[in-house]
Amino acid sequence: MAENTTEVLVGTGVLAVAAGFLFYAAGLTGFAATSPDSYNLNASFRSVEGVSIGTEVRLAGVKVGTVTGLKLNAETFRADTTFTMQQGIEIPDDSAIAISSEGLLGGTFVEIIPGGSPFNVDPDGEIEDTQSSVSLITLLLKFVSGSGDE
């Protein structure tokens, strides 16, 4: 009888840990449904190097959203990006969005640079002023070869 009880407890523990991993993985991959306290925005970048689904969207250094979709637009050859924003955080329609890095060896995040317009981007709207990621290798090659503006 004691063996059965132990097996049931261990099995329950294993199932609880597995369920926790599933919820964590769903959140990382953006598979989780959009919560009712968030809304979607879109942007189109020339390059989204370093960005993936689950990348943080920050405003003034604070996480306010998450990248939930990346796809190549076959007509413009740009990366169309979808991200969720926390409800209650309204972005002026003249804002810019940039792909930034936390440092030379740090991670990549999407940064919103707010504008000053009194009008806001509508839910499912698009931020048009985008700044793509800068490749560190390209910068180093330009520096080493000396092909810069003088």
# chains A, B, ... in the order shown; residues from 1 in each chain; ligands from 1
>>> select_by_dssp(residues="chain A", states="strand (DSSP E)", output="PyMOL selection string")
chain A and resi 38-45+56-59+62-73+78-86+96-101+108-113+126-127+129-131
>>> residues_around(residues="region 100-103 of chain A", least_positions_apart="3", cutoff="12 Å", atoms="only C-alpha atoms", output="list in words")
Ser47, Val48, Glu49, Gly50, Val51, Thr55, Glu56, Val57, Arg58, Leu59, Gly61, Ile97, Gly106, Gly107, Thr108, Phe109, Val110, Glu111, Ile112, Ile113, Thr130, Gln131, Ser132, Ser133, Val134, Ser135 and Leu136 of chain A
>>> write_last_selection(atoms="N, CA, C and O atoms", output="mmCIF file, in the first residue's frame")
data_model
loop_
_atom_site.group_PDB
_atom_site.id
_atom_site.type_symbol
_atom_site.label_atom_id
_atom_site.label_comp_id
_atom_site.auth_asym_id
_atom_site.auth_seq_id
_atom_site.Cartn_x
_atom_site.Cartn_y
_atom_site.Cartn_z
ATOM 1 N N SER A 47 15.598 44.592 -41.360
ATOM 2 C CA SER A 47 16.274 43.420 -40.806
ATOM 3 C C SER A 47 15.863 43.253 -39.345
ATOM 4 O O SER A 47 15.850 44.227 -38.597
ATOM 5 N N VAL A 48 15.538 42.030 -38.956
ATOM 6 C CA VAL A 48 15.203 41.741 -37.566
ATOM 7 C C VAL A 48 16.228 40.782 -36.955
ATOM 8 O O VAL A 48 15.897 39.947 -36.118
ATOM 9 N N GLU A 49 17.469 40.933 -37.353
ATOM 10 C CA GLU A 49 18.530 40.072 -36.853
ATOM 11 C C GLU A 49 18.580 40.130 -35.327
ATOM 12 O O GLU A 49 18.636 41.203 -34.732
ATOM 13 N N GLY A 50 18.530 38.969 -34.696
ATOM 14 C CA GLY A 50 18.575 38.880 -33.241
ATOM 15 C C GLY A 50 17.220 38.870 -32.573
ATOM 16 O O GLY A 50 17.114 38.628 -31.374
ATOM 17 N N VAL A 51 16.158 39.146 -33.322
ATOM 18 C CA VAL A 51 14.800 39.168 -32.756
ATOM 19 C C VAL A 51 14.107 37.862 -33.088
ATOM 20 O O VAL A 51 14.229 37.344 -34.191
ATOM 21 N N THR A 55 10.716 37.883 -27.906
ATOM 22 C CA THR A 55 11.619 38.985 -27.579
ATOM 23 C C THR A 55 10.832 40.101 -26.896
ATOM 24 O O THR A 55 9.709 40.403 -27.261
ATOM 25 N N GLU A 56 11.449 40.720 -25.880
ATOM 26 C CA GLU A 56 10.787 41.788 -25.134
ATOM 27 C C GLU A 56 10.656 43.059 -25.952
ATOM 28 O O GLU A 56 11.537 43.397 -26.742
ATOM 29 N N VAL A 57 9.542 43.761 -25.744
ATOM 30 C CA VAL A 57 9.344 45.110 -26.269
ATOM 31 C C VAL A 57 9.416 46.032 -25.061
ATOM 32 O O VAL A 57 8.700 45.829 -24.073
ATOM 33 N N ARG A 58 10.298 47.051 -25.121
ATOM 34 C CA ARG A 58 10.517 47.928 -23.970
ATOM 35 C C ARG A 58 10.232 49.383 -24.316
ATOM 36 O O ARG A 58 10.440 49.824 -25.445
ATOM 37 N N LEU A 59 9.781 50.098 -23.313
ATOM 38 C CA LEU A 59 9.559 51.542 -23.388
ATOM 39 C C LEU A 59 10.229 52.121 -22.160
ATOM 40 O O LEU A 59 9.895 51.729 -21.037
ATOM 41 N N GLY A 61 13.036 51.413 -21.030
ATOM 42 C CA GLY A 61 13.726 50.335 -20.333
ATOM 43 C C GLY A 61 12.828 49.361 -19.606
ATOM 44 O O GLY A 61 13.300 48.413 -18.994
ATOM 45 N N ILE A 97 10.238 52.816 -33.608
ATOM 46 C CA ILE A 97 10.529 51.530 -32.982
ATOM 47 C C ILE A 97 11.856 51.033 -33.534
ATOM 48 O O ILE A 97 12.111 51.117 -34.734
ATOM 49 N N GLY A 106 25.244 41.348 -24.922
ATOM 50 C CA GLY A 106 23.905 41.223 -24.361
ATOM 51 C C GLY A 106 22.892 40.768 -25.378
ATOM 52 O O GLY A 106 23.174 40.608 -26.567
ATOM 53 N N GLY A 107 21.689 40.606 -24.928
ATOM 54 C CA GLY A 107 20.598 40.166 -25.783
ATOM 55 C C GLY A 107 20.026 41.311 -26.597
ATOM 56 O O GLY A 107 20.424 42.465 -26.480
ATOM 57 N N THR A 108 19.071 40.984 -27.415
ATOM 58 C CA THR A 108 18.412 41.946 -28.287
ATOM 59 C C THR A 108 17.000 42.180 -27.789
ATOM 60 O O THR A 108 16.357 41.266 -27.290
ATOM 61 N N PHE A 109 16.517 43.414 -27.925
ATOM 62 C CA PHE A 109 15.144 43.731 -27.569
ATOM 63 C C PHE A 109 14.620 44.774 -28.538
ATOM 64 O O PHE A 109 15.376 45.384 -29.290
ATOM 65 N N VAL A 110 13.315 44.955 -28.552
ATOM 66 C CA VAL A 110 12.670 45.951 -29.403
ATOM 67 C C VAL A 110 12.336 47.143 -28.512
ATOM 68 O O VAL A 110 11.702 46.983 -27.469
ATOM 69 N N GLU A 111 12.782 48.322 -28.927
ATOM 70 C CA GLU A 111 12.610 49.531 -28.120
ATOM 71 C C GLU A 111 11.649 50.490 -28.810
ATOM 72 O O GLU A 111 11.793 50.780 -29.993
ATOM 73 N N ILE A 112 10.685 50.977 -28.058
ATOM 74 C CA ILE A 112 9.769 51.991 -28.575
ATOM 75 C C ILE A 112 10.259 53.352 -28.118
ATOM 76 O O ILE A 112 10.512 53.568 -26.928
ATOM 77 N N ILE A 113 10.435 54.255 -29.081
ATOM 78 C CA ILE A 113 10.876 55.623 -28.800
ATOM 79 C C ILE A 113 9.654 56.514 -29.023
ATOM 80 O O ILE A 113 9.261 56.755 -30.165
ATOM 81 N N THR A 130 10.702 52.842 -38.389
ATOM 82 C CA THR A 130 11.431 51.698 -37.828
ATOM 83 C C THR A 130 12.923 51.846 -38.057
ATOM 84 O O THR A 130 13.365 52.445 -39.033
ATOM 85 N N GLN A 131 13.690 51.311 -37.122
ATOM 86 C CA GLN A 131 15.146 51.276 -37.230
ATOM 87 C C GLN A 131 15.575 49.832 -37.033
ATOM 88 O O GLN A 131 15.365 49.256 -35.971
ATOM 89 N N SER A 132 16.172 49.267 -38.062
ATOM 90 C CA SER A 132 16.542 47.858 -38.039
ATOM 91 C C SER A 132 17.763 47.614 -37.183
ATOM 92 O O SER A 132 18.464 48.535 -36.778
ATOM 93 N N SER A 133 18.026 46.335 -36.955
ATOM 94 C CA SER A 133 19.195 45.954 -36.169
ATOM 95 C C SER A 133 20.468 46.239 -36.962
ATOM 96 O O SER A 133 20.481 46.233 -38.184
ATOM 97 N N VAL A 134 21.526 46.495 -36.219
ATOM 98 C CA VAL A 134 22.834 46.741 -36.822
ATOM 99 C C VAL A 134 23.693 45.513 -36.558
ATOM 100 O O VAL A 134 23.841 45.090 -35.416
ATOM 101 N N SER A 135 24.249 44.949 -37.604
ATOM 102 C CA SER A 135 25.086 43.769 -37.469
ATOM 103 C C SER A 135 26.458 44.170 -36.938
ATOM 104 O O SER A 135 27.149 45.012 -37.526
ATOM 105 N N LEU A 136 26.856 43.566 -35.828
ATOM 106 C CA LEU A 136 28.152 43.860 -35.226
ATOM 107 C C LEU A 136 29.284 43.470 -36.173
ATOM 108 O O LEU A 136 30.280 44.178 -36.297
#
>>> atom_distance(atom1="CA of Ile53 (chain A)", atom2="CA of Leu140 (chain A)")
27.3 Å
>>> atom_distance(atom1="CA of Gly20 (chain A)", atom2="CA of Thr68 (chain A)")
20.5 Å
>>> atom_distance(atom1="CA of Pro123 (chain A)", atom2="CA of Lys63 (chain A)")
18.1 Å
>>> closest_residue(among="A:Gly116, A:Asn40, A:Phe45, A:Gln87", to="Val67 (chain A)", atoms="only C-alpha atoms")
A:Asn40
>>> select_by_dssp(residues="region 1-149 of chain A", states="alpha helix (DSSP H)", output="MDAnalysis selection string")
chainID A and resid 2:29 136:145
>>> write_last_selection(atoms="C-alpha atoms", output="PDB file, in the first residue's frame")
ATOM      1  CA  ALA A   2       2.844   2.418   0.849  1.00  0.00           C
ATOM      2  CA  GLU A   3       4.489   1.713  -2.530  1.00  0.00           C
ATOM      3  CA  ASN A   4       1.326   2.680  -4.415  1.00  0.00           C
ATOM      4  CA  THR A   5       1.001   5.925  -2.469  1.00  0.00           C
ATOM      5  CA  THR A   6       4.625   6.836  -3.210  1.00  0.00           C
ATOM      6  CA  GLU A   7       4.183   6.055  -6.902  1.00  0.00           C
ATOM      7  CA  VAL A   8       1.052   8.195  -7.087  1.00  0.00           C
ATOM      8  CA  LEU A   9       2.791  11.130  -5.370  1.00  0.00           C
ATOM      9  CA  VAL A  10       5.865  10.896  -7.613  1.00  0.00           C
ATOM     10  CA  GLY A  11       3.677  10.607 -10.722  1.00  0.00           C
ATOM     11  CA  THR A  12       1.640  13.644  -9.678  1.00  0.00           C
ATOM     12  CA  GLY A  13       4.843  15.618  -9.129  1.00  0.00           C
ATOM     13  CA  VAL A  14       6.176  14.642 -12.559  1.00  0.00           C
ATOM     14  CA  LEU A  15       2.905  15.683 -14.229  1.00  0.00           C
ATOM     15  CA  ALA A  16       2.923  19.029 -12.392  1.00  0.00           C
ATOM     16  CA  VAL A  17       6.487  19.763 -13.542  1.00  0.00           C
ATOM     17  CA  ALA A  18       5.621  18.758 -17.123  1.00  0.00           C
ATOM     18  CA  ALA A  19       2.584  21.078 -17.116  1.00  0.00           C
ATOM     19  CA  GLY A  20       4.784  23.906 -15.817  1.00  0.00           C
ATOM     20  CA  PHE A  21       7.243  23.376 -18.671  1.00  0.00           C
ATOM     21  CA  LEU A  22       4.408  23.419 -21.205  1.00  0.00           C
ATOM     22  CA  PHE A  23       3.075  26.756 -19.911  1.00  0.00           C
ATOM     23  CA  TYR A  24       6.601  28.203 -19.881  1.00  0.00           C
ATOM     24  CA  ALA A  25       7.288  27.023 -23.448  1.00  0.00           C
ATOM     25  CA  ALA A  26       3.936  28.362 -24.679  1.00  0.00           C
ATOM     26  CA  GLY A  27       4.775  31.778 -23.237  1.00  0.00           C
ATOM     27  CA  LEU A  28       8.252  31.819 -24.803  1.00  0.00           C
ATOM     28  CA  THR A  29       7.093  30.845 -28.263  1.00  0.00           C
ATOM     29  CA  LEU A 136      28.152  43.860 -35.226  1.00  0.00           C
ATOM     30  CA  ILE A 137      30.178  41.925 -37.827  1.00  0.00           C
ATOM     31  CA  THR A 138      29.318  44.468 -40.538  1.00  0.00           C
ATOM     32  CA  LEU A 139      30.405  47.320 -38.258  1.00  0.00           C
ATOM     33  CA  LEU A 140      33.679  45.574 -37.432  1.00  0.00           C
ATOM     34  CA  LEU A 141      34.391  44.898 -41.115  1.00  0.00           C
ATOM     35  CA  LYS A 142      33.793  48.564 -41.955  1.00  0.00           C
ATOM     36  CA  PHE A 143      36.082  49.630 -39.135  1.00  0.00           C
ATOM     37  CA  VAL A 144      38.876  47.214 -40.095  1.00  0.00           C
ATOM     38  CA  SER A 145      38.706  47.995 -43.828  1.00  0.00           C
TER      39      SER A 145
END
>>> decode(residues="region 63-75 of chain A", atoms="all heavy atoms", output="CSV table (one decimal), in the first residue's frame")
chain,number,residue,atom,x,y,z
A,63,LYS,N,9.7,46.6,-19.7
A,63,LYS,CA,9.0,45.6,-20.6
A,63,LYS,C,7.5,46.0,-20.6
A,63,LYS,O,6.9,46.0,-19.6
A,63,LYS,CB,9.2,44.2,-20.1
A,63,LYS,CG,8.5,43.2,-21.0
A,63,LYS,CD,8.6,41.8,-20.6
A,63,LYS,CE,7.8,40.9,-21.5
A,63,LYS,NZ,7.8,39.5,-21.1
A,64,VAL,N,7.0,46.3,-21.8
A,64,VAL,CA,5.6,46.6,-22.0
A,64,VAL,C,5.0,45.7,-23.0
A,64,VAL,O,3.8,45.9,-23.3
A,64,VAL,CB,5.5,48.1,-22.5
A,64,VAL,CG1,5.9,49.1,-21.4
A,64,VAL,CG2,6.2,48.4,-23.7
A,65,GLY,N,5.7,44.8,-23.6
A,65,GLY,CA,5.1,43.9,-24.6
A,65,GLY,C,6.1,42.8,-25.0
A,65,GLY,O,7.2,42.7,-24.5
A,66,THR,N,5.6,42.0,-26.0
A,66,THR,CA,6.4,40.9,-26.4
A,66,THR,C,6.2,40.7,-27.9
A,66,THR,O,5.0,40.9,-28.4
A,66,THR,CB,5.9,39.6,-25.7
A,66,THR,OG1,6.0,39.8,-24.3
A,66,THR,CG2,6.7,38.4,-26.1
A,67,VAL,N,7.2,40.3,-28.7
A,67,VAL,CA,7.1,40.0,-30.1
A,67,VAL,C,6.3,38.7,-30.2
A,67,VAL,O,6.7,37.7,-29.6
A,67,VAL,CB,8.5,39.9,-30.8
A,67,VAL,CG1,8.3,39.4,-32.2
A,67,VAL,CG2,9.2,41.2,-30.7
A,68,THR,N,5.2,38.7,-31.0
A,68,THR,CA,4.4,37.5,-31.2
A,68,THR,C,4.4,37.0,-32.6
A,68,THR,O,3.9,35.9,-32.8
A,68,THR,CB,3.0,37.8,-30.7
A,68,THR,OG1,2.5,38.9,-31.4
A,68,THR,CG2,2.9,38.1,-29.2
A,69,GLY,N,4.9,37.7,-33.5
A,69,GLY,CA,4.9,37.2,-34.9
A,69,GLY,C,6.0,37.8,-35.8
A,69,GLY,O,6.2,39.0,-35.7
A,70,LEU,N,6.6,37.0,-36.6
A,70,LEU,CA,7.6,37.5,-37.6
A,70,LEU,C,7.4,36.7,-38.9
A,70,LEU,O,7.2,35.5,-38.9
A,70,LEU,CB,9.0,37.1,-37.1
A,70,LEU,CG,9.6,37.8,-35.9
A,70,LEU,CD1,10.9,37.1,-35.4
A,70,LEU,CD2,9.8,39.3,-36.2
A,71,LYS,N,7.3,37.5,-40.0
A,71,LYS,CA,7.2,36.9,-41.3
A,71,LYS,C,7.7,37.8,-42.3
A,71,LYS,O,7.8,39.0,-42.2
A,71,LYS,CB,5.7,36.5,-41.6
A,71,LYS,CG,4.8,37.7,-41.8
A,71,LYS,CD,3.4,37.3,-42.2
A,71,LYS,CE,2.6,38.5,-42.4
A,71,LYS,NZ,1.3,38.2,-42.9
A,72,LEU,N,8.2,37.2,-43.4
A,72,LEU,CA,8.8,37.9,-44.5
A,72,LEU,C,7.7,38.4,-45.4
A,72,LEU,O,6.9,37.5,-45.9
A,72,LEU,CB,9.8,37.1,-45.3
A,72,LEU,CG,10.4,37.7,-46.5
A,72,LEU,CD1,11.3,38.9,-46.0
A,72,LEU,CD2,11.2,36.7,-47.3
A,73,ASN,N,7.6,39.6,-45.8
A,73,ASN,CA,6.7,40.2,-46.7
A,73,ASN,C,7.3,39.9,-48.1
A,73,ASN,O,8.3,40.6,-48.4
A,73,ASN,CB,6.4,41.6,-46.5
A,73,ASN,CG,5.4,42.2,-47.4
A,73,ASN,OD1,5.2,41.8,-48.5
A,73,ASN,ND2,4.6,43.1,-46.8
A,74,ALA,N,6.7,39.1,-48.9
A,74,ALA,CA,7.3,38.7,-50.2
A,74,ALA,C,7.3,39.8,-51.2
A,74,ALA,O,8.1,39.8,-52.2
A,74,ALA,CB,6.6,37.5,-50.8
A,75,GLU,N,6.4,40.8,-51.0
A,75,GLU,CA,6.4,42.0,-51.9
A,75,GLU,C,7.4,43.0,-51.6
A,75,GLU,O,8.0,43.6,-52.5
A,75,GLU,CB,5.0,42.6,-51.9
A,75,GLU,CG,3.9,41.7,-52.4
A,75,GLU,CD,2.5,42.3,-52.3
A,75,GLU,OE1,2.4,43.5,-52.0
A,75,GLU,OE2,1.5,41.5,-52.5
